[in-house]
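Take a look at the structure set out below.
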Amino acid sequence: MKIAILSRNRKLYSTQRLVEAAEERGHEVRIVDTLLCYMNITSHHPSVFYKGEALDGYDAIIPRIGASITFYGTAVVRQFEMMGVYSINESVAISRSRDKLRAYQLLARKGIGMPVTGFAHSTKYTNDLINLAGGAPLVIKMLEGTQGIGVVLAETDKAAESVIEAFRGLDAHILVQEFIKEAGAKDIRCLVIGNKVVAAMMRTGKEGEFRSNLHRGGTSQPIKITPEERSTAIRAAKIMGLNVAGVDILRSNHGPVVMEVNSSPGLEGVEKATQKDVAGMIIEFIEKNAKQWKTSTRGKG
Ligand code: ADP
């Protein structure tokens, strides 16, 4: 097969592993810098161009779209869909999961467990918002944040109020969330491919840190998840419409709660912690599922 990986950085571990796994299986693979793609928006013969040539004849794409380029990146993926090229994660699914409010609303609609969460545009009723989320301690998150940046723990209602007002004063969009203290600065990253959790790791925040992100100095180890956690992760990915997803779960007193569904999950942490060939499993999924015009939206969404 002819596969394109949309990635801004060919040196990234995940990108390299996908190339390696595809080549090992005899596929032709090319890394395409998403932001260097350009397109002709036409109904007759939509194409994606790259460095002066049309990217024709591809059987599948693997979008690895960073949060900062979601807008342009999903447009490129959508263009491939309009050409009938199979994308392992479709543009609508990526957009759904990137918009945290939209993602939470979709998950809530389907009864997926999540931390009690509130959000508001105005700071006029901040006290009420704090009460809605159950009062301090609360976690306040900037919607645009990644890798734990802009995630703050407010121990008192007063602190929560100040943080909310400060963020809103900067025009940042935020959500206010019940603090799952019993998770003990640990979270579970489930790597979902299709209808399976193919690897799972537990991440633990460094001493004195409630955020377990590996970028914040957290450590990881393989973990055996419960059947409930497994089905929660699979359902969450399915609700987003993602074939490949990293689903982050906290162990709360009221069962597993989903914190985030990531459409371009990093492979380094999870492959190293679990010794599993996740990149290989992604390529195998493409081998089994990639068909022309198989994308459910065909660039509609
Ligand atoms: P990011 O997307 O920036 O990584 P997250 O929402 O995943 O932000 O939060 C970063 C980390 O903070 C999580 O991995 C988790 O360890 C911790 N965390 C986030 N929300 C909560 C919460 N409601 N209760 C307890 N810990 C939380």
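Labeling convention for the structure tokens: chains A, B, ... as they appear, residues from 1 per chain, ligands from 1 in order of appearance.
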All strand (DSSP E or B) residues (DSSP, backbone) inside segment 160-210 of chain A, as a ChimeraX atom specification: /A:174-178,186-193,196-204
Write out the residues from the selection above, keeping N, CA and C atoms, as a compact mmCIF listing (two decimals), in the first residue's frame.
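The resulting file, again12.txt, is reproduced below:
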```txt
# COMPACT_ATOMS: atom_id res chain seq x y z
N ILE A 174 -11.95 28.37 29.72
CA ILE A 174 -11.60 27.41 30.78
C ILE A 174 -12.75 26.48 31.08
N LEU A 175 -12.42 25.37 31.73
CA LEU A 175 -13.45 24.58 32.37
C LEU A 175 -13.04 24.30 33.81
N VAL A 176 -14.05 24.09 34.63
CA VAL A 176 -13.85 23.93 36.07
C VAL A 176 -14.29 22.52 36.41
N GLN A 177 -13.44 21.81 37.11
CA GLN A 177 -13.70 20.38 37.26
C GLN A 177 -13.47 19.89 38.69
N GLU A 178 -14.32 18.98 39.09
CA GLU A 178 -14.16 18.27 40.36
C GLU A 178 -12.73 17.70 40.40
N LYS A 186 -2.31 9.89 39.67
CA LYS A 186 -2.07 8.84 38.67
C LYS A 186 -3.18 8.90 37.63
N ASP A 187 -2.85 8.61 36.40
CA ASP A 187 -3.92 8.40 35.43
C ASP A 187 -3.56 7.23 34.54
N ILE A 188 -4.54 6.76 33.81
CA ILE A 188 -4.32 5.59 32.96
C ILE A 188 -4.48 6.02 31.51
N ARG A 189 -3.47 5.76 30.70
CA ARG A 189 -3.56 6.03 29.27
C ARG A 189 -3.86 4.69 28.58
N CYS A 190 -5.03 4.64 27.94
CA CYS A 190 -5.40 3.44 27.19
C CYS A 190 -5.22 3.73 25.72
N LEU A 191 -4.44 2.92 25.05
CA LEU A 191 -4.26 3.06 23.62
C LEU A 191 -5.30 2.19 22.92
N VAL A 192 -6.25 2.85 22.27
CA VAL A 192 -7.32 2.12 21.60
C VAL A 192 -7.04 2.07 20.10
N ILE A 193 -7.14 0.87 19.53
CA ILE A 193 -7.12 0.72 18.06
C ILE A 193 -8.35 -0.10 17.69
N LYS A 196 -10.40 -2.31 20.35
CA LYS A 196 -9.55 -2.94 21.37
C LYS A 196 -8.68 -1.94 22.09
N VAL A 197 -8.45 -2.19 23.39
CA VAL A 197 -7.37 -1.48 24.08
C VAL A 197 -6.15 -2.35 23.87
N VAL A 198 -5.18 -1.86 23.08
CA VAL A 198 -4.04 -2.71 22.73
C VAL A 198 -2.88 -2.54 23.70
N ALA A 199 -2.89 -1.46 24.48
CA ALA A 199 -1.84 -1.24 25.47
C ALA A 199 -2.36 -0.25 26.49
N ALA A 200 -1.93 -0.41 27.72
CA ALA A 200 -2.35 0.54 28.76
C ALA A 200 -1.19 0.78 29.72
N MET A 201 -1.05 2.04 30.10
CA MET A 201 0.00 2.35 31.08
C MET A 201 -0.56 3.27 32.16
N MET A 202 0.05 3.17 33.33
CA MET A 202 -0.33 4.09 34.40
C MET A 202 0.77 5.13 34.50
N ARG A 203 0.36 6.40 34.54
CA ARG A 203 1.33 7.47 34.68
C ARG A 203 1.19 8.06 36.09
N THR A 204 2.31 8.31 36.72
CA THR A 204 2.30 8.85 38.07
C THR A 204 3.04 10.17 38.09
```
His173 of chain A surroundings by only C-alpha atoms, 8 Å radius, close-in-sequence under 6 positions cut, as JSON, numbers by chain: {"A": [121, 142, 143, 144, 167]}
Counting only C-alpha atoms, the option among A:Val85, A:Ser162, A:His215, A:Asp99 closest to Gly266 of chain A: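 Going through A:Val85, A:Ser162, A:His215, A:Asp99 one by one, the smallest distance to Gly266 of chain A is for A:His215.
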Near-ligand residues for ligand 1, threshold 7 Å, only C-alpha atoms and all ligand atoms, as a PyMOL selection string: chain A and resi 115+139+141+145-151+177-181+183+185-187+205+210-213+248+259-260
All helix (DSSP H, G or I) residues (DSSP, backbone) inside segment 74-114 of chain A, as a list in words: Thr74, Ala75, Val76, Val77, Arg78, Gln79, Phe80, Glu81, Met82, Ser91, Val92, Ala93, Ile94, Ser95, Arg96, Ser97, Arg98, Lys100, Leu101, Arg102, Ala103, Tyr104, Gln105, Leu106, Leu107, Ala108 and Arg109 of chain A
Please save N, CA, C and O atoms of the selected residues as a short mmCIF file (atom, residue, chain, number, x, y, z; two decimals), in the first residue's frame.
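Dumped to again39.cif:
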```cif
data_model
loop_
_atom_site.label_atom_id
_atom_site.label_comp_id
_atom_site.auth_asym_id
_atom_site.auth_seq_id
_atom_site.Cartn_x
_atom_site.Cartn_y
_atom_site.Cartn_z
N THR A 74 -6.88 19.67 9.98
CA THR A 74 -8.12 18.95 9.68
C THR A 74 -8.61 19.30 8.26
O THR A 74 -9.23 18.47 7.61
N ALA A 75 -8.27 20.49 7.78
CA ALA A 75 -8.65 20.84 6.40
C ALA A 75 -7.89 19.96 5.41
O ALA A 75 -8.45 19.51 4.41
N VAL A 76 -6.62 19.69 5.70
CA VAL A 76 -5.84 18.82 4.81
C VAL A 76 -6.42 17.41 4.83
O VAL A 76 -6.61 16.77 3.78
N VAL A 77 -6.74 16.92 6.03
CA VAL A 77 -7.32 15.56 6.14
C VAL A 77 -8.65 15.50 5.38
O VAL A 77 -8.92 14.55 4.64
N ARG A 78 -9.45 16.54 5.53
CA ARG A 78 -10.75 16.60 4.85
C ARG A 78 -10.57 16.54 3.33
O ARG A 78 -11.34 15.89 2.62
N GLN A 79 -9.54 17.21 2.84
CA GLN A 79 -9.29 17.20 1.40
C GLN A 79 -8.97 15.78 0.92
O GLN A 79 -9.47 15.34 -0.10
N PHE A 80 -8.14 15.07 1.70
CA PHE A 80 -7.86 13.67 1.34
C PHE A 80 -9.16 12.86 1.33
O PHE A 80 -9.38 12.02 0.46
N GLU A 81 -10.03 13.12 2.31
CA GLU A 81 -11.31 12.40 2.36
C GLU A 81 -12.14 12.70 1.11
O GLU A 81 -12.79 11.81 0.55
N MET A 82 -12.10 13.96 0.66
CA MET A 82 -12.84 14.33 -0.55
C MET A 82 -12.31 13.61 -1.78
O MET A 82 -13.02 13.42 -2.77
N SER A 91 -11.34 13.61 9.76
CA SER A 91 -11.23 15.01 10.18
C SER A 91 -12.29 15.40 11.22
O SER A 91 -11.97 16.05 12.21
N VAL A 92 -13.52 14.94 11.04
CA VAL A 92 -14.56 15.31 12.03
C VAL A 92 -14.24 14.74 13.40
O VAL A 92 -14.46 15.39 14.42
N ALA A 93 -13.72 13.51 13.41
CA ALA A 93 -13.41 12.87 14.69
C ALA A 93 -12.28 13.62 15.39
O ALA A 93 -12.31 13.83 16.61
N ILE A 94 -11.29 14.07 14.61
CA ILE A 94 -10.18 14.84 15.19
C ILE A 94 -10.73 16.15 15.76
O ILE A 94 -10.42 16.52 16.90
N SER A 95 -11.58 16.81 15.00
CA SER A 95 -12.14 18.09 15.48
C SER A 95 -12.96 17.89 16.76
O SER A 95 -12.85 18.67 17.69
N ARG A 96 -13.77 16.84 16.78
CA ARG A 96 -14.58 16.57 17.98
C ARG A 96 -13.71 16.43 19.21
O ARG A 96 -13.98 17.00 20.25
N SER A 97 -12.66 15.63 19.09
CA SER A 97 -11.88 15.34 20.29
C SER A 97 -11.01 16.53 20.69
O SER A 97 -10.66 16.70 21.85
N ARG A 98 -10.65 17.39 19.74
CA ARG A 98 -9.81 18.54 20.04
C ARG A 98 -10.56 19.63 20.81
O ARG A 98 -9.98 20.37 21.59
N LYS A 100 -12.51 20.45 23.65
CA LYS A 100 -12.79 19.74 24.90
C LYS A 100 -14.25 19.85 25.34
O LYS A 100 -14.81 18.90 25.87
N LEU A 101 -14.85 21.01 25.11
CA LEU A 101 -16.25 21.17 25.53
C LEU A 101 -17.15 20.25 24.71
O LEU A 101 -18.01 19.55 25.25
N ARG A 102 -16.91 20.25 23.42
CA ARG A 102 -17.70 19.40 22.53
C ARG A 102 -17.50 17.93 22.91
O ARG A 102 -18.46 17.17 23.00
N ALA A 103 -16.26 17.56 23.16
CA ALA A 103 -15.96 16.17 23.51
C ALA A 103 -16.67 15.78 24.80
O ALA A 103 -17.32 14.73 24.87
N TYR A 104 -16.59 16.63 25.82
CA TYR A 104 -17.27 16.32 27.09
C TYR A 104 -18.77 16.19 26.90
O TYR A 104 -19.42 15.32 27.47
N GLN A 105 -19.33 17.09 26.10
CA GLN A 105 -20.78 17.03 25.88
C GLN A 105 -21.17 15.74 25.18
O GLN A 105 -22.16 15.09 25.55
N LEU A 106 -20.39 15.33 24.20
CA LEU A 106 -20.70 14.09 23.47
C LEU A 106 -20.56 12.88 24.38
O LEU A 106 -21.39 11.96 24.35
N LEU A 107 -19.52 12.88 25.21
CA LEU A 107 -19.32 11.74 26.12
C LEU A 107 -20.43 11.68 27.16
O LEU A 107 -20.95 10.61 27.48
N ALA A 108 -20.81 12.86 27.68
CA ALA A 108 -21.85 12.91 28.71
C ALA A 108 -23.18 12.40 28.16
O ALA A 108 -23.90 11.65 28.82
N ARG A 109 -23.45 12.79 26.93
CA ARG A 109 -24.68 12.38 26.26
C ARG A 109 -24.83 10.87 26.23
O ARG A 109 -25.92 10.33 26.28
#
```
Straight-line distance linking atom CA of Ile286 of chain A with atom CA of Lys238 of chain A, stated in Å to one decimal: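 Atom CA of Ile286 of chain A sits 16.7 Å away from atom CA of Lys238 of chain A.
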Polymer residues at most 10 Å from Pro256 of chain A, only C-alpha atoms, same-chain spacing of 4 or more positions, as a ChimeraX atom specification: /A:112-115,183,188,226,228-230,232-233,248-252
How about saving the chosen residues, N, CA and C atoms kept, as a PDB file, in the first residue's frame?
```pdb
ATOM      1  N   ILE A 112     -20.909   8.341  29.521  1.00  0.00           N
ATOM      2  CA  ILE A 112     -19.532   7.995  29.922  1.00  0.00           C
ATOM      3  C   ILE A 112     -19.206   8.736  31.222  1.00  0.00           C
ATOM      4  N   GLY A 113     -18.580   8.049  32.177  1.00  0.00           N
ATOM      5  CA  GLY A 113     -18.208   8.683  33.434  1.00  0.00           C
ATOM      6  C   GLY A 113     -17.181   9.773  33.204  1.00  0.00           C
ATOM      7  N   MET A 114     -17.356  10.898  33.868  1.00  0.00           N
ATOM      8  CA  MET A 114     -16.368  11.979  33.760  1.00  0.00           C
ATOM      9  C   MET A 114     -16.401  12.805  35.041  1.00  0.00           C
ATOM     10  N   PRO A 115     -15.355  13.560  35.307  1.00  0.00           N
ATOM     11  CA  PRO A 115     -15.404  14.400  36.501  1.00  0.00           C
ATOM     12  C   PRO A 115     -16.530  15.429  36.338  1.00  0.00           C
ATOM     13  N   ALA A 183      -7.522   9.679  42.878  1.00  0.00           N
ATOM     14  CA  ALA A 183      -6.697   9.149  41.783  1.00  0.00           C
ATOM     15  C   ALA A 183      -5.215   9.187  42.164  1.00  0.00           C
ATOM     16  N   ILE A 188      -4.538   6.763  33.812  1.00  0.00           N
ATOM     17  CA  ILE A 188      -4.316   5.592  32.958  1.00  0.00           C
ATOM     18  C   ILE A 188      -4.480   6.022  31.512  1.00  0.00           C
ATOM     19  N   THR A 226      -9.180  -2.764  34.427  1.00  0.00           N
ATOM     20  CA  THR A 226     -10.386  -3.538  34.732  1.00  0.00           C
ATOM     21  C   THR A 226     -11.271  -3.603  33.472  1.00  0.00           C
ATOM     22  N   GLU A 228     -14.252  -2.707  33.221  1.00  0.00           N
ATOM     23  CA  GLU A 228     -15.017  -1.453  33.126  1.00  0.00           C
ATOM     24  C   GLU A 228     -14.168  -0.345  32.499  1.00  0.00           C
ATOM     25  N   GLU A 229     -12.897  -0.297  32.890  1.00  0.00           N
ATOM     26  CA  GLU A 229     -11.993   0.703  32.295  1.00  0.00           C
ATOM     27  C   GLU A 229     -11.809   0.428  30.807  1.00  0.00           C
ATOM     28  N   ARG A 230     -11.676  -0.835  30.488  1.00  0.00           N
ATOM     29  CA  ARG A 230     -11.509  -1.234  29.082  1.00  0.00           C
ATOM     30  C   ARG A 230     -12.712  -0.796  28.251  1.00  0.00           C
ATOM     31  N   THR A 232     -14.942   1.451  28.960  1.00  0.00           N
ATOM     32  CA  THR A 232     -15.061   2.923  28.961  1.00  0.00           C
ATOM     33  C   THR A 232     -14.148   3.520  27.891  1.00  0.00           C
ATOM     34  N   ALA A 233     -12.914   3.034  27.823  1.00  0.00           N
ATOM     35  CA  ALA A 233     -11.952   3.572  26.845  1.00  0.00           C
ATOM     36  C   ALA A 233     -12.436   3.308  25.419  1.00  0.00           C
ATOM     37  N   ASP A 248      -7.507   8.959  28.227  1.00  0.00           N
ATOM     38  CA  ASP A 248      -6.975   9.158  29.572  1.00  0.00           C
ATOM     39  C   ASP A 248      -8.083   9.011  30.594  1.00  0.00           C
ATOM     40  N   ILE A 249      -7.842   8.129  31.552  1.00  0.00           N
ATOM     41  CA  ILE A 249      -8.867   7.791  32.540  1.00  0.00           C
ATOM     42  C   ILE A 249      -8.306   7.986  33.946  1.00  0.00           C
ATOM     43  N   LEU A 250      -9.151   8.500  34.851  1.00  0.00           N
ATOM     44  CA  LEU A 250      -8.777   8.571  36.262  1.00  0.00           C
ATOM     45  C   LEU A 250      -9.610   7.547  37.023  1.00  0.00           C
ATOM     46  N   ARG A 251      -9.011   6.943  38.055  1.00  0.00           N
ATOM     47  CA  ARG A 251      -9.765   6.021  38.904  1.00  0.00           C
ATOM     48  C   ARG A 251     -10.414   6.832  40.025  1.00  0.00           C
ATOM     49  N   SER A 252     -11.723   7.006  39.933  1.00  0.00           N
ATOM     50  CA  SER A 252     -12.417   7.815  40.941  1.00  0.00           C
ATOM     51  C   SER A 252     -13.267   6.913  41.816  1.00  0.00           C
TER      52      SER A 252
END
```
Given only C-alpha atoms as the counted atoms, nearest of A:Val278, A:Ala22, A:Leu129, A:Ile5 to Leu55 of chain A: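 Ranking A:Val278, A:Ala22, A:Leu129, A:Ile5 by distance to Leu55 of chain A, first place goes to A:Ile5.
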One-decimal distance in Å that lies between atom CA of Thr42 of chain A and atom CA of Leu6 of chain A: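 The value is 21.7 Å.
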Pairwise distance for atom CA of Leu138 of chain A and atom CA of Ala172 of chain A, rounded to one decimal in Å: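 About the pair atom CA of Leu138 of chain A and atom CA of Ala172 of chain A: they are 17.5 Å apart.
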Nearest to Val258 of chain A, chosen from A:Gln275, A:Ser231, A:Thr156, A:Gln16, with only C-alpha atoms counted in the distances: A:Ser231
Best match for closeness to Val19 of chain A among A:Ala279, A:Tyr72, A:Ser47, A:Lys291, counting only C-alpha atoms: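 Among the listed residues, the smallest separation from Val19 of chain A belongs to A:Ala279.
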Nearest-residue call for Gly269 of chain A, choices A:Met1, A:Ala236, A:Gly218, A:Pro137, using only C-alpha atoms: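 Answer, going by the shortest atom-to-atom distance: A:Gly218.
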